[in-house]
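**Q** Take this structure first; my questions come after.
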Number of protein chains: 2
Amino acid sequence: MPRPRSFDEADVVARAREAFAETGFAGTSLDTLLEATGLARQSLYNAFGGKKELFMRAFLSDTAEAVEAVEFIRHGSDSPIGRIRAQLVKMAVAHGSAAAPASLFTKAAVELSARDPEVAATVAAAFEAIRAHYAACIVEAQEAGEIETSADADSLGAYFCALIEGMGTLGGAGVPRATLLDIGFTSLAAVPITELGRAHLGTDDGDWS
Amino acid sequence: MPRPRSFDEADVVARAREAFAETGFAGTSLDTLLEATGLARQSLYNAFGGKKELFMRAFLSDTAEAVEAVEFIRHGSDSPIGRIRAQLVKMAVAHGSAAAPASLFTKAAVELSARDPEVAATVAAAFEAIRAHYAACIVEAQEAGEIETSADADSLGAYFCALIEGMGTLGGAGVPRATLLDIGFTSLAAVPITELGRAHLGTDDGDWS
DNA sequence: CCTGTTGTAGACCGATCAGTCAACAACCCC
DNA sequence: GGGGTTGTTGACTGATCGGTCTACAACAGG
């Protein structure tokens, strides 16, 4: 019986995510948010509770997406090591596009994780999940004989976690796509790949002008 | 003949740097700044011009320090590859201390470089300087026979640039020192070190509890 | 000791902040 | 086609924002 909403909640969260990713939490005013989402003041309060709550919705959504983007290396038809390489390429392409601001996940982690326990906990959990995804994929590659069994999967997982975070920051600061791709390919040299693994990698880097 | 200032300008910039590093530019109010620096409203305007100008002073100061911290790998008595390793350890220790917020350089790069051209230019120049320092040190190591001559010094420079940026972000988000050290050591595996280089590296990792 | 110059102190400004309130409008069920 | 529930609208609130103005204090040269 109630009057139906004139907006799509998920769509509002997505637009809020863009706004917060552009100017951060403190730098984004409610009026900016209202303009970006198109809804009225009271509607925002009715549907979400307030600025902080809407931010958390957007932040959690972006964090989940960031983890998912890495989780994708766990599945797929090609070899585990090939999937890690493809993931690095994807990261470079995503963060290296011109005028692409840093992701809300990175932005929130830098801006708020030292002050807000909830943000800090979410960021820590996301890092751990990303690290675990990389580590599991590396173990899989070891079982497939693509990576030396002497390699420490956990260390490599944390290493890739730091690397993609750094790539995201550099990309957000304007470093071009080609440089990010170069960084990604260079980083693979830290993985002790076997002869078999090297054969599985191939050399089809695609065309990323 | 004028009345002398009751504060030290460099000291004020240093305190402002801490304040901005904690809460970012938009998140730090003028009142917070006045309390942190101890000076009166008008004194801040007389001496610096305004919030933005004081921020730039603090930001430039922190950026210079960040570049200097890497520039140190160009000099020293031990081998080039050993100096890079020592630098990574230093970064891990600095950013891995408990409750250490991300540096103002990183914070400003993430928060403002997409919006403020002056910040963006400064960040880009700093990244380029850091990359160049690493590259030059790697060339030096190649000339000393510690690194394979086939290695691409420029690529490795950009790679280390991304890596230390990622370490800084992770550290600011609460990742412990031991993990950062692990990441630093793991990253060295991407460098094709010769037998001679490996001998020069040693295994004295120190005690970083 | 007076004067000129500069620093300091606190009141003050309009603008903007996040958030609230009350009147009005739209829709579904009966 | 009412009634009741919910969404929307825009005016409004006190607090805080960055920045300015004016009165006063401190020092150096004469």
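Just remember, in the structure tokens the first chain shown is A, the second B, etc., residues are 1-based per chain, and ligands are 1-based in the order shown.
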Please write out chain B, superposed on chain A by least squares over all C-alpha atoms matched in order, as a short mmCIF file (atom, residue, chain, number, x, y, z; two decimals) with C-alpha atoms, in the first residue's frame.
**A**
```
data_model
loop_
_atom_site.label_atom_id
_atom_site.label_comp_id
_atom_site.auth_asym_id
_atom_site.auth_seq_id
_atom_site.Cartn_x
_atom_site.Cartn_y
_atom_site.Cartn_z
CA MET B 1 -0.26 0.41 0.17
CA PRO B 2 2.68 2.80 0.51
CA ARG B 3 3.76 5.10 -2.21
CA PRO B 4 6.43 3.33 -4.29
CA ARG B 5 9.97 4.72 -4.42
CA SER B 6 10.94 6.68 -7.44
CA PHE B 7 14.57 5.45 -7.40
CA ASP B 8 16.49 2.19 -7.51
CA GLU B 9 18.46 1.63 -4.32
CA ALA B 10 21.34 -0.22 -5.98
CA ASP B 11 21.60 2.51 -8.58
CA VAL B 12 21.79 5.18 -5.89
CA VAL B 13 24.58 3.25 -4.14
CA ALA B 14 26.46 2.96 -7.41
CA ARG B 15 26.22 6.69 -8.07
CA ALA B 16 27.22 7.46 -4.49
CA ARG B 17 30.21 5.19 -4.97
CA GLU B 18 31.36 7.26 -7.93
CA ALA B 19 30.90 10.49 -6.00
CA PHE B 20 32.80 9.24 -2.94
CA ALA B 21 35.53 7.73 -5.13
CA GLU B 22 36.05 11.13 -6.72
CA THR B 23 36.26 13.32 -3.65
CA GLY B 24 36.53 10.99 -0.65
CA PHE B 25 34.27 10.89 2.39
CA ALA B 26 35.08 14.21 4.02
CA GLY B 27 35.35 15.95 0.66
CA THR B 28 31.89 14.91 -0.56
CA SER B 29 29.06 17.02 0.79
CA LEU B 30 25.50 15.88 1.20
CA ASP B 31 24.40 18.36 -1.46
CA THR B 32 26.90 16.91 -3.92
CA LEU B 33 25.58 13.47 -3.08
CA LEU B 34 21.98 14.54 -3.64
CA GLU B 35 22.86 15.98 -7.00
CA ALA B 36 24.84 12.89 -7.99
CA THR B 37 22.11 10.46 -6.97
CA GLY B 38 19.17 12.63 -8.01
CA LEU B 39 17.14 11.99 -4.89
CA ALA B 40 15.83 14.44 -2.34
CA ARG B 41 17.32 15.07 1.07
CA GLN B 42 14.73 13.29 3.12
CA SER B 43 14.60 10.35 0.72
CA LEU B 44 18.28 9.70 1.34
CA TYR B 45 17.71 9.74 5.08
CA ASN B 46 14.63 7.53 4.83
CA ALA B 47 16.32 4.96 2.65
CA PHE B 48 19.86 4.89 4.07
CA GLY B 49 20.00 6.74 7.38
CA GLY B 50 22.59 9.40 6.64
CA LYS B 51 25.82 10.28 4.88
CA LYS B 52 27.97 7.81 6.80
CA GLU B 53 25.58 4.94 6.27
CA LEU B 54 25.32 5.58 2.55
CA PHE B 55 29.11 5.79 2.40
CA MET B 56 29.44 2.42 4.12
CA ARG B 57 27.01 0.88 1.65
CA ALA B 58 29.03 2.23 -1.25
CA PHE B 59 32.31 1.29 0.39
CA LEU B 60 31.25 -2.28 1.17
CA SER B 61 29.94 -2.65 -2.35
CA ASP B 62 33.21 -1.47 -3.86
CA THR B 63 35.24 -3.66 -1.52
CA ALA B 64 33.24 -6.73 -2.46
CA GLU B 65 33.82 -5.91 -6.11
CA ALA B 66 37.56 -5.49 -5.55
CA VAL B 67 37.79 -8.89 -3.87
CA GLU B 68 35.66 -10.47 -6.58
CA ALA B 69 37.97 -9.08 -9.23
CA VAL B 70 40.77 -11.10 -7.67
CA GLU B 71 38.63 -14.10 -6.81
CA PHE B 72 38.25 -14.64 -10.53
CA ILE B 73 41.77 -16.10 -10.66
CA ARG B 74 40.43 -19.16 -8.83
CA HIS B 75 38.31 -20.25 -11.76
CA GLY B 76 38.77 -20.42 -15.49
CA SER B 77 39.88 -22.77 -18.19
CA ASP B 78 43.48 -21.70 -18.64
CA SER B 79 46.36 -22.55 -16.32
CA PRO B 80 46.64 -21.05 -12.80
CA ILE B 81 49.77 -19.07 -13.61
CA GLY B 82 48.12 -17.81 -16.78
CA ARG B 83 45.14 -16.63 -14.77
CA ILE B 84 47.38 -14.67 -12.42
CA ARG B 85 49.03 -13.03 -15.37
CA ALA B 86 45.65 -12.22 -16.89
CA GLN B 87 44.52 -10.74 -13.57
CA LEU B 88 47.55 -8.44 -13.46
CA VAL B 89 46.84 -7.31 -16.99
CA LYS B 90 43.23 -6.64 -16.08
CA MET B 91 44.28 -4.58 -13.08
CA ALA B 92 46.68 -2.54 -15.19
CA VAL B 93 44.05 -1.89 -17.83
CA ALA B 94 41.37 -1.00 -15.27
CA HIS B 95 43.50 1.40 -13.23
CA GLY B 96 45.47 2.76 -16.15
CA SER B 97 42.65 4.32 -18.12
CA ALA B 98 43.00 8.07 -18.40
CA ALA B 99 41.26 10.16 -15.73
CA ALA B 100 40.25 7.13 -13.68
CA PRO B 101 40.28 8.03 -10.01
CA ALA B 102 41.47 5.52 -7.44
CA SER B 103 38.85 2.98 -6.43
CA LEU B 104 36.69 3.77 -3.42
CA PHE B 105 38.21 0.78 -1.67
CA THR B 106 41.72 2.22 -1.90
CA LYS B 107 40.51 5.74 -1.19
CA ALA B 108 38.62 4.70 1.92
CA ALA B 109 41.50 2.52 3.12
CA VAL B 110 43.91 5.44 2.94
CA GLU B 111 41.53 8.13 4.20
CA LEU B 112 39.69 6.36 6.99
CA SER B 113 41.17 3.03 8.07
CA ALA B 114 43.40 4.70 10.65
CA ARG B 115 40.41 6.42 12.25
CA ASP B 116 37.33 4.27 11.67
CA PRO B 117 37.45 0.75 13.16
CA GLU B 118 34.69 -0.55 10.92
CA VAL B 119 36.46 0.63 7.79
CA ALA B 120 39.75 -0.73 9.13
CA ALA B 121 38.23 -4.15 9.79
CA THR B 122 36.67 -4.27 6.34
CA VAL B 123 39.91 -3.28 4.67
CA ALA B 124 41.88 -5.85 6.67
CA ALA B 125 39.41 -8.59 5.78
CA ALA B 126 39.54 -7.63 2.12
CA PHE B 127 43.35 -7.68 2.07
CA GLU B 128 43.33 -11.08 3.73
CA ALA B 129 40.80 -12.40 1.21
CA ILE B 130 42.82 -11.09 -1.72
CA ARG B 131 46.01 -12.54 -0.27
CA ALA B 132 44.31 -15.89 0.25
CA HIS B 133 42.99 -15.95 -3.32
CA TYR B 134 46.45 -15.38 -4.71
CA ALA B 135 48.00 -17.92 -2.34
CA ALA B 136 45.44 -20.57 -3.25
CA CYS B 137 45.99 -19.98 -6.93
CA ILE B 138 49.74 -20.28 -6.45
CA VAL B 139 49.30 -23.56 -4.57
CA GLU B 140 47.16 -24.75 -7.44
CA ALA B 141 49.90 -23.77 -9.86
CA GLN B 142 52.44 -25.66 -7.73
CA GLU B 143 50.27 -28.76 -7.82
CA ALA B 144 50.08 -28.39 -11.58
CA GLY B 145 53.87 -28.20 -11.72
CA GLU B 146 53.93 -24.65 -13.03
CA ILE B 147 55.61 -23.12 -9.98
CA GLU B 148 58.51 -24.53 -7.94
CA THR B 149 57.25 -26.28 -4.83
CA SER B 150 59.89 -24.40 -2.82
CA ALA B 151 57.95 -21.12 -3.29
CA ASP B 152 56.09 -19.71 -0.27
CA ALA B 153 52.51 -19.26 -1.46
CA ASP B 154 51.53 -17.07 1.51
CA SER B 155 54.43 -14.68 1.01
CA LEU B 156 53.72 -14.43 -2.70
CA GLY B 157 50.06 -13.77 -1.90
CA ALA B 158 50.91 -10.84 0.36
CA TYR B 159 53.41 -9.67 -2.23
CA PHE B 160 50.82 -9.54 -5.00
CA CYS B 161 48.41 -7.87 -2.61
CA ALA B 162 50.89 -5.04 -2.07
CA LEU B 163 51.69 -4.89 -5.74
CA ILE B 164 48.14 -4.46 -7.03
CA GLU B 165 47.49 -1.90 -4.31
CA GLY B 166 50.53 0.02 -5.50
CA MET B 167 49.39 -0.28 -9.10
CA GLY B 168 46.00 1.12 -8.12
CA THR B 169 47.56 4.08 -6.36
CA LEU B 170 49.94 4.81 -9.22
CA GLY B 171 47.12 4.51 -11.74
CA GLY B 172 44.93 6.86 -9.76
CA ALA B 173 47.80 9.33 -9.71
CA GLY B 174 48.03 9.37 -13.49
CA VAL B 175 50.68 6.75 -14.29
CA PRO B 176 49.86 5.50 -17.81
CA ARG B 177 48.52 2.06 -18.64
CA ALA B 178 51.68 0.93 -20.42
CA THR B 179 53.76 1.52 -17.30
CA LEU B 180 51.29 -0.41 -15.15
CA LEU B 181 51.38 -3.32 -17.61
CA ASP B 182 55.15 -3.24 -17.45
CA ILE B 183 55.01 -3.35 -13.66
CA GLY B 184 52.63 -6.31 -13.75
CA PHE B 185 54.82 -8.31 -16.10
CA THR B 186 57.94 -7.44 -14.15
CA SER B 187 56.33 -8.59 -10.91
CA LEU B 188 55.82 -12.08 -12.32
CA ALA B 189 59.57 -12.55 -12.29
CA ALA B 190 59.39 -12.88 -8.51
CA VAL B 191 57.51 -16.14 -8.98
CA PRO B 192 59.77 -19.17 -9.50
CA ILE B 193 58.03 -20.51 -12.59
CA THR B 194 59.01 -23.96 -13.86
CA GLU B 195 59.75 -24.82 -17.48
CA LEU B 196 56.24 -26.22 -17.73
CA GLY B 197 54.75 -23.06 -16.26
CA ARG B 198 56.69 -20.92 -18.68
CA ALA B 199 55.32 -22.96 -21.55
CA HIS B 200 51.79 -22.44 -20.23
CA LEU B 201 52.24 -18.70 -19.97
CA GLY B 202 52.68 -18.02 -23.65
CA THR B 203 53.45 -14.58 -24.91
CA ASP B 204 50.08 -13.26 -26.08
CA ASP B 205 50.05 -9.97 -24.23
CA GLY B 206 47.24 -8.61 -26.34
CA ASP B 207 46.97 -5.10 -27.69
CA TRP B 208 46.63 -2.44 -25.01
CA SER B 209 47.13 0.83 -26.73
#
```
**Q** Show me, as number ranges by chain, the residues that have an atom within 8 Å of DC17 (chain D) when counting only C-alpha atoms (C1' of nucleotides), minus same-chain residues fewer than 4 positions from it.
**A** B: 29; C: 15-17
**Q** To one decimal in Å, tell me the separation between C1' of DC13 (chain C) and C1' of DT20 (chain D).
**A**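 Atom-to-atom, C1' of DC13 (chain C) to C1' of DT20 (chain D), that is 7.4 Å.
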**Q** Within 9 Å of chain B, which residues of chain D are there when counting only C-alpha atoms (C1' of nucleotides)? Please give them as a list in words.
**A**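 Selected residues: DC17, DG18, DG19, DT20, DA26, DC27, DA28 and DG29 of chain D.
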**Q** List every residue of chain C that has an atom at most 12 Å from any atom of chain A, and for each one report the closest atom pair and its distance in Å to one decimal, counting only C-alpha atoms (C1' of nucleotides), with rows sorted by chain and then by increasing residue number, as a tab-separated table.
**A**
```
residue	atom	partner	partner_atom	distance
C:DT16	C1'	A:Ser29	CA	9.3
C:DC17	C1'	A:Ser29	CA	7.6
C:DA18	C1'	A:Leu30	CA	7.2
C:DG19	C1'	A:Gly50	CA	8.1
C:DT20	C1'	A:Gln42	CA	8.9
C:DC21	C1'	A:Gln42	CA	10.2
C:DA25	C1'	A:Arg3	CA	9.2
C:DA26	C1'	A:Arg3	CA	5.5
C:DC27	C1'	A:Arg3	CA	4.4
C:DC28	C1'	A:Met1	CA	3.8
C:DC29	C1'	A:Met1	CA	6.3
C:DC30	C1'	A:Met1	CA	10.6
```
**Q** Could you go through region 25-191 of chain B and tell me which residues DSSP, when run on the backbone, assigns to helix (DSSP H, G or I), listing them as a count of residues only?
**A** 127
